[in-house]
$ cat coords.cif   # mmCIF, C-alpha atoms and all ligand atoms
data_my_file
#
loop_
_atom_site.label_atom_id
_atom_site.label_comp_id
_atom_site.auth_asym_id
_atom_site.auth_seq_id
_atom_site.Cartn_x
_atom_site.Cartn_y
_atom_site.Cartn_z
CA MET A 1 -37.67 40.75 90.99
CA ILE A 2 -37.47 37.63 88.83
CA THR A 3 -37.01 34.19 90.36
CA LEU A 4 -34.99 31.76 88.27
CA THR A 5 -34.13 28.15 88.98
CA ILE A 6 -30.68 27.64 87.52
CA ASN A 7 -28.98 24.28 87.84
CA ASP A 8 -31.43 23.38 90.64
CA GLN A 9 -30.67 26.53 92.65
CA GLN A 10 -33.08 29.42 93.09
CA HIS A 11 -31.89 32.93 92.32
CA GLU A 12 -33.76 36.20 92.90
CA LEU A 13 -32.65 38.64 90.22
CA ASP A 14 -33.32 42.37 90.27
CA VAL A 15 -33.10 42.80 86.49
CA PRO A 16 -35.32 44.16 83.69
CA GLU A 17 -37.75 41.55 82.30
CA GLN A 18 -36.41 41.99 78.79
CA MET A 19 -32.76 41.43 79.75
CA PRO A 20 -31.45 38.50 77.67
CA LEU A 21 -31.13 35.36 79.76
CA LEU A 22 -27.50 35.17 78.61
CA TRP A 23 -26.73 38.50 80.30
CA ALA A 24 -28.41 37.37 83.50
CA LEU A 25 -26.46 34.11 83.55
CA ARG A 26 -23.08 35.62 82.78
CA ASP A 27 -23.16 39.07 84.34
CA VAL A 28 -25.58 38.67 87.26
CA VAL A 29 -25.27 35.03 88.35
CA ASN A 30 -21.64 34.78 87.21
CA LEU A 31 -22.08 31.53 85.28
CA THR A 32 -19.69 32.32 82.47
CA GLY A 33 -19.53 28.92 80.80
CA THR A 34 -22.32 29.99 78.45
CA LYS A 35 -20.79 32.09 75.67
CA PHE A 36 -21.75 35.18 73.71
CA GLY A 37 -21.19 34.74 69.99
CA CYS A 38 -23.52 36.74 67.77
CA GLY A 39 -26.19 38.01 70.16
CA MET A 40 -28.80 37.53 67.43
CA GLY A 41 -29.83 33.90 67.74
CA LEU A 42 -27.70 32.82 64.79
CA CYS A 43 -24.67 30.91 66.09
CA GLY A 44 -25.72 28.73 69.05
CA ALA A 45 -22.78 29.63 71.32
CA CYS A 46 -25.23 30.75 74.03
CA THR A 47 -27.33 27.55 74.07
CA VAL A 48 -28.79 26.51 77.43
CA HIS A 49 -31.70 24.23 78.37
CA LEU A 50 -35.12 25.54 79.39
CA ASP A 51 -37.10 22.66 80.89
CA GLY A 52 -34.71 20.38 79.01
CA ALA A 53 -35.10 21.99 75.58
CA ALA A 54 -32.14 23.70 73.90
CA VAL A 55 -32.73 27.47 73.56
CA ARG A 56 -30.60 30.44 72.61
CA SER A 57 -30.17 32.48 75.74
CA CYS A 58 -29.12 35.64 73.85
CA VAL A 59 -32.62 36.01 72.39
CA THR A 60 -34.58 34.65 75.37
CA PRO A 61 -35.82 37.38 77.74
CA VAL A 62 -35.01 36.53 81.32
CA ALA A 63 -38.73 36.79 82.21
CA ALA A 64 -39.47 33.92 79.79
CA ALA A 65 -37.32 31.64 81.96
CA ALA A 66 -39.19 32.40 85.19
CA GLY A 67 -40.86 29.27 86.55
CA LYS A 68 -38.82 27.00 84.29
CA ARG A 69 -35.70 24.96 84.90
CA VAL A 70 -32.65 26.67 83.41
CA THR A 71 -29.70 24.34 82.92
CA THR A 72 -26.26 25.50 81.83
CA ILE A 73 -22.99 23.88 80.84
CA GLU A 74 -21.88 24.11 84.49
CA ALA A 75 -24.40 21.36 85.34
CA MET A 76 -23.41 18.94 82.59
CA ALA A 77 -20.75 17.15 84.64
CA THR A 78 -23.52 15.78 86.89
CA ASP A 79 -26.08 15.17 84.13
CA ALA A 80 -26.29 11.51 83.04
CA VAL A 81 -26.30 12.29 79.32
CA GLY A 82 -24.32 15.54 79.54
CA SER A 83 -21.44 13.83 81.31
CA LYS A 84 -21.30 11.13 78.61
CA VAL A 85 -21.25 13.84 75.96
CA GLN A 86 -18.42 15.66 77.71
CA GLU A 87 -16.41 12.45 78.07
CA ALA A 88 -16.89 11.70 74.38
CA TRP A 89 -15.85 15.28 73.55
CA LEU A 90 -12.60 14.79 75.44
CA ASP A 91 -11.96 11.29 74.04
CA VAL A 92 -12.39 12.54 70.47
CA GLY A 93 -10.57 15.82 71.14
CA VAL A 94 -13.35 17.85 69.54
CA ALA A 95 -12.36 21.34 70.60
CA GLN A 96 -10.00 23.51 68.59
CA CYS A 97 -10.35 27.07 69.88
CA GLY A 98 -13.19 25.83 72.11
CA TYR A 99 -15.34 28.95 72.09
CA CYS A 100 -18.50 27.36 70.65
CA GLN A 101 -18.15 24.09 72.50
CA ALA A 102 -20.38 24.80 75.52
CA GLY A 103 -23.23 25.56 73.14
CA GLN A 104 -22.43 22.51 71.03
CA ILE A 105 -22.46 20.26 74.10
CA MET A 106 -25.76 21.73 75.33
CA SER A 107 -27.38 21.18 71.93
CA ALA A 108 -25.94 17.67 71.64
CA THR A 109 -27.15 16.71 75.12
CA ALA A 110 -30.72 17.91 74.56
CA PHE A 111 -30.70 16.14 71.20
CA LEU A 112 -29.43 12.80 72.57
CA LYS A 113 -32.10 12.84 75.27
CA ASP A 114 -34.67 12.82 72.45
CA ASN A 115 -32.81 10.53 70.08
CA ALA A 116 -30.52 7.99 71.75
CA ASN A 117 -29.43 6.34 68.50
CA PRO A 118 -29.07 9.07 65.87
CA SER A 119 -28.01 8.74 62.24
CA ASP A 120 -25.52 11.10 60.60
CA ASP A 121 -28.46 12.94 59.04
CA ASP A 122 -30.22 13.26 62.40
CA ILE A 123 -27.05 14.79 63.86
CA ALA A 124 -26.60 17.15 60.93
CA SER A 125 -30.12 18.47 61.21
CA ALA A 126 -30.11 18.73 65.01
CA MET A 127 -26.72 20.43 65.20
CA GLY A 128 -26.96 22.58 62.06
CA GLY A 129 -27.69 25.73 64.04
CA ASN A 130 -24.50 25.52 66.09
CA ILE A 131 -21.73 27.22 64.17
CA CYS A 132 -18.04 26.38 64.68
CA ARG A 133 -15.48 28.72 63.14
CA CYS A 134 -12.78 26.06 63.40
CA GLY A 135 -14.87 23.57 61.44
CA THR A 136 -14.86 20.78 64.04
CA TYR A 137 -18.11 19.35 62.63
CA ASN A 138 -16.73 15.91 61.79
CA ARG A 139 -15.34 15.48 65.30
CA ILE A 140 -18.63 16.72 66.78
CA ARG A 141 -20.48 14.04 64.80
CA THR A 142 -18.00 11.36 65.92
CA ALA A 143 -18.33 12.42 69.56
CA ILE A 144 -22.13 12.38 69.43
CA HIS A 145 -22.08 8.84 68.03
CA ARG A 146 -19.63 7.86 70.75
CA ALA A 147 -21.80 9.37 73.50
CA ALA A 148 -24.83 7.57 72.07
CA GLY A 149 -23.05 4.24 71.94
FE1 LIG B 201 -26.83 33.49 70.95
FE2 LIG B 201 -25.14 33.49 68.86
S1 LIG B 201 -24.82 34.28 70.87
S2 LIG B 201 -27.08 32.47 69.02
#
$ encode --input "coords.cif" --output "structure tokens"
Amino acid sequence: MITLTINDQQHELDVPEQMPLLWALRDVVNLTGTKFGCGMGLCGACTVHLDGAAVRSCVTPVAAAAGKRVTTIEAMATDAVGSKVQEAWLDVGVAQCGYCQAGQIMSATAFLKDNANPSDDDIASAMGGNICRCGTYNRIRTAIHRAAG
């Protein structure tokens, strides 16, 4: 049994220790806002926070999250920075197909908590690992500046 604290709620999961955290979130806890993209740590669609740091849940074993705070996109509406990021996302109309956007918002939120006044270069290097097939990168940058301001 693995005990996870997800969005401030405790969950007891009867799952193998090596199960990817993404599987546990989506298929066991039924938090489906976090998306599966590549499953190999390459695209960022599955990004969640572990103790506030952005991690790729598809390559994080569920056992590695035990004893840490797991935060998902479902909690961003009540997160001080996450809610500003989501508002900026809507104001700018970032999403096209939308599939990568939960991961983008999780990466952007963790980043803005470390750097409240980022440059374009800061944003490019922080967000470079989050891939968007629709190419919404310019709108993502605009929204991050807006959320920071
Ligand atoms: Fe995890 Fe692509 S699904 S990085």
$ closest_residue --input "coords.cif" --among "A:Gly93, A:Ala66, A:Thr47, A:Pro61" --to "Ala108 (chain A)" --atoms "all atoms listed in the file"
A:Thr47
$ residues_near_ligand --input "coords.cif" --ligand "ligand LIG 201 (chain B)" --cutoff "8 Å" --atoms "only C-alpha atoms and all ligand atoms" --output "count of residues only"
19
$ closest_residue --input "coords.cif" --among "A:Thr72, A:Thr60, A:Asn117, A:Ser83" --to "Thr32 (chain A)" --atoms "all atoms listed in the file"
A:Thr72
$ residues_around --input "coords.cif" --residues "Thr142 (chain A)" --least-positions-apart "6" --cutoff "10 Å" --atoms "only C-alpha atoms" --output "MDAnalysis selection string"
chainID A and resid 88:89 92 94 120 123 148
$ residues_around --input "coords.cif" --residues "Arg141 (chain A)" --least-positions-apart "2" --cutoff "12 Å" --atoms "all atoms listed in the file" --output "PDB file with C-alpha atoms, in the coordinates of the input"
ATOM      1  CA  VAL A  85     -21.250  13.840  75.960  1.00  0.00           C
ATOM      2  CA  ALA A  88     -16.890  11.700  74.380  1.00  0.00           C
ATOM      3  CA  TRP A  89     -15.850  15.280  73.550  1.00  0.00           C
ATOM      4  CA  VAL A  92     -12.390  12.540  70.470  1.00  0.00           C
ATOM      5  CA  GLY A  93     -10.570  15.820  71.140  1.00  0.00           C
ATOM      6  CA  VAL A  94     -13.350  17.850  69.540  1.00  0.00           C
ATOM      7  CA  GLN A 104     -22.430  22.510  71.030  1.00  0.00           C
ATOM      8  CA  ILE A 105     -22.460  20.260  74.100  1.00  0.00           C
ATOM      9  CA  ALA A 108     -25.940  17.670  71.640  1.00  0.00           C
ATOM     10  CA  LEU A 112     -29.430  12.800  72.570  1.00  0.00           C
ATOM     11  CA  PRO A 118     -29.070   9.070  65.870  1.00  0.00           C
ATOM     12  CA  SER A 119     -28.010   8.740  62.240  1.00  0.00           C
ATOM     13  CA  ASP A 120     -25.520  11.100  60.600  1.00  0.00           C
ATOM     14  CA  ASP A 121     -28.460  12.940  59.040  1.00  0.00           C
ATOM     15  CA  ASP A 122     -30.220  13.260  62.400  1.00  0.00           C
ATOM     16  CA  ILE A 123     -27.050  14.790  63.860  1.00  0.00           C
ATOM     17  CA  ALA A 124     -26.600  17.150  60.930  1.00  0.00           C
ATOM     18  CA  SER A 125     -30.120  18.470  61.210  1.00  0.00           C
ATOM     19  CA  ALA A 126     -30.110  18.730  65.010  1.00  0.00           C
ATOM     20  CA  MET A 127     -26.720  20.430  65.200  1.00  0.00           C
ATOM     21  CA  GLY A 128     -26.960  22.580  62.060  1.00  0.00           C
ATOM     22  CA  GLY A 135     -14.870  23.570  61.440  1.00  0.00           C
ATOM     23  CA  THR A 136     -14.860  20.780  64.040  1.00  0.00           C
ATOM     24  CA  TYR A 137     -18.110  19.350  62.630  1.00  0.00           C
ATOM     25  CA  ASN A 138     -16.730  15.910  61.790  1.00  0.00           C
ATOM     26  CA  ARG A 139     -15.340  15.480  65.300  1.00  0.00           C
ATOM     27  CA  ALA A 143     -18.330  12.420  69.560  1.00  0.00           C
ATOM     28  CA  ILE A 144     -22.130  12.380  69.430  1.00  0.00           C
ATOM     29  CA  HIS A 145     -22.080   8.840  68.030  1.00  0.00           C
ATOM     30  CA  ARG A 146     -19.630   7.860  70.750  1.00  0.00           C
ATOM     31  CA  ALA A 147     -21.800   9.370  73.500  1.00  0.00           C
ATOM     32  CA  ALA A 148     -24.830   7.570  72.070  1.00  0.00           C
TER      33      ALA A 148
END
$ atom_distance --input "coords.cif" --atom1 "CA of Gln18 (chain A)" --atom2 "CA of Ala63 (chain A)"
6.6 Å
$ closest_residue --input "coords.cif" --among "A:Thr109, A:Ala64, A:Lys84, A:Ala75" --to "Pro16 (chain A)" --atoms "all atoms listed in the file"
A:Ala64
$ closest_residue --input "coords.cif" --among "A:Thr34, A:Asn115, A:Gln10, A:Thr5" --to "Val81 (chain A)" --atoms "all atoms listed in the file"
A:Asn115
$ closest_residue --input "coords.cif" --among "A:Asp27, A:Asp51, A:Glu17, A:Glu87" --to "Gly67 (chain A)" --atoms "all atoms listed in the file"
A:Asp51
$ axis_aligned_box --input "coords.cif" --around "region 10-16 of chain A" --padding-each-side "5 Å" --output "AutoDock Vina command-line options"
--center_x -33.6 --center_y 36.8 --center_z 88.4 --size_x 13.4 --size_y 24.7 --size_z 19.4
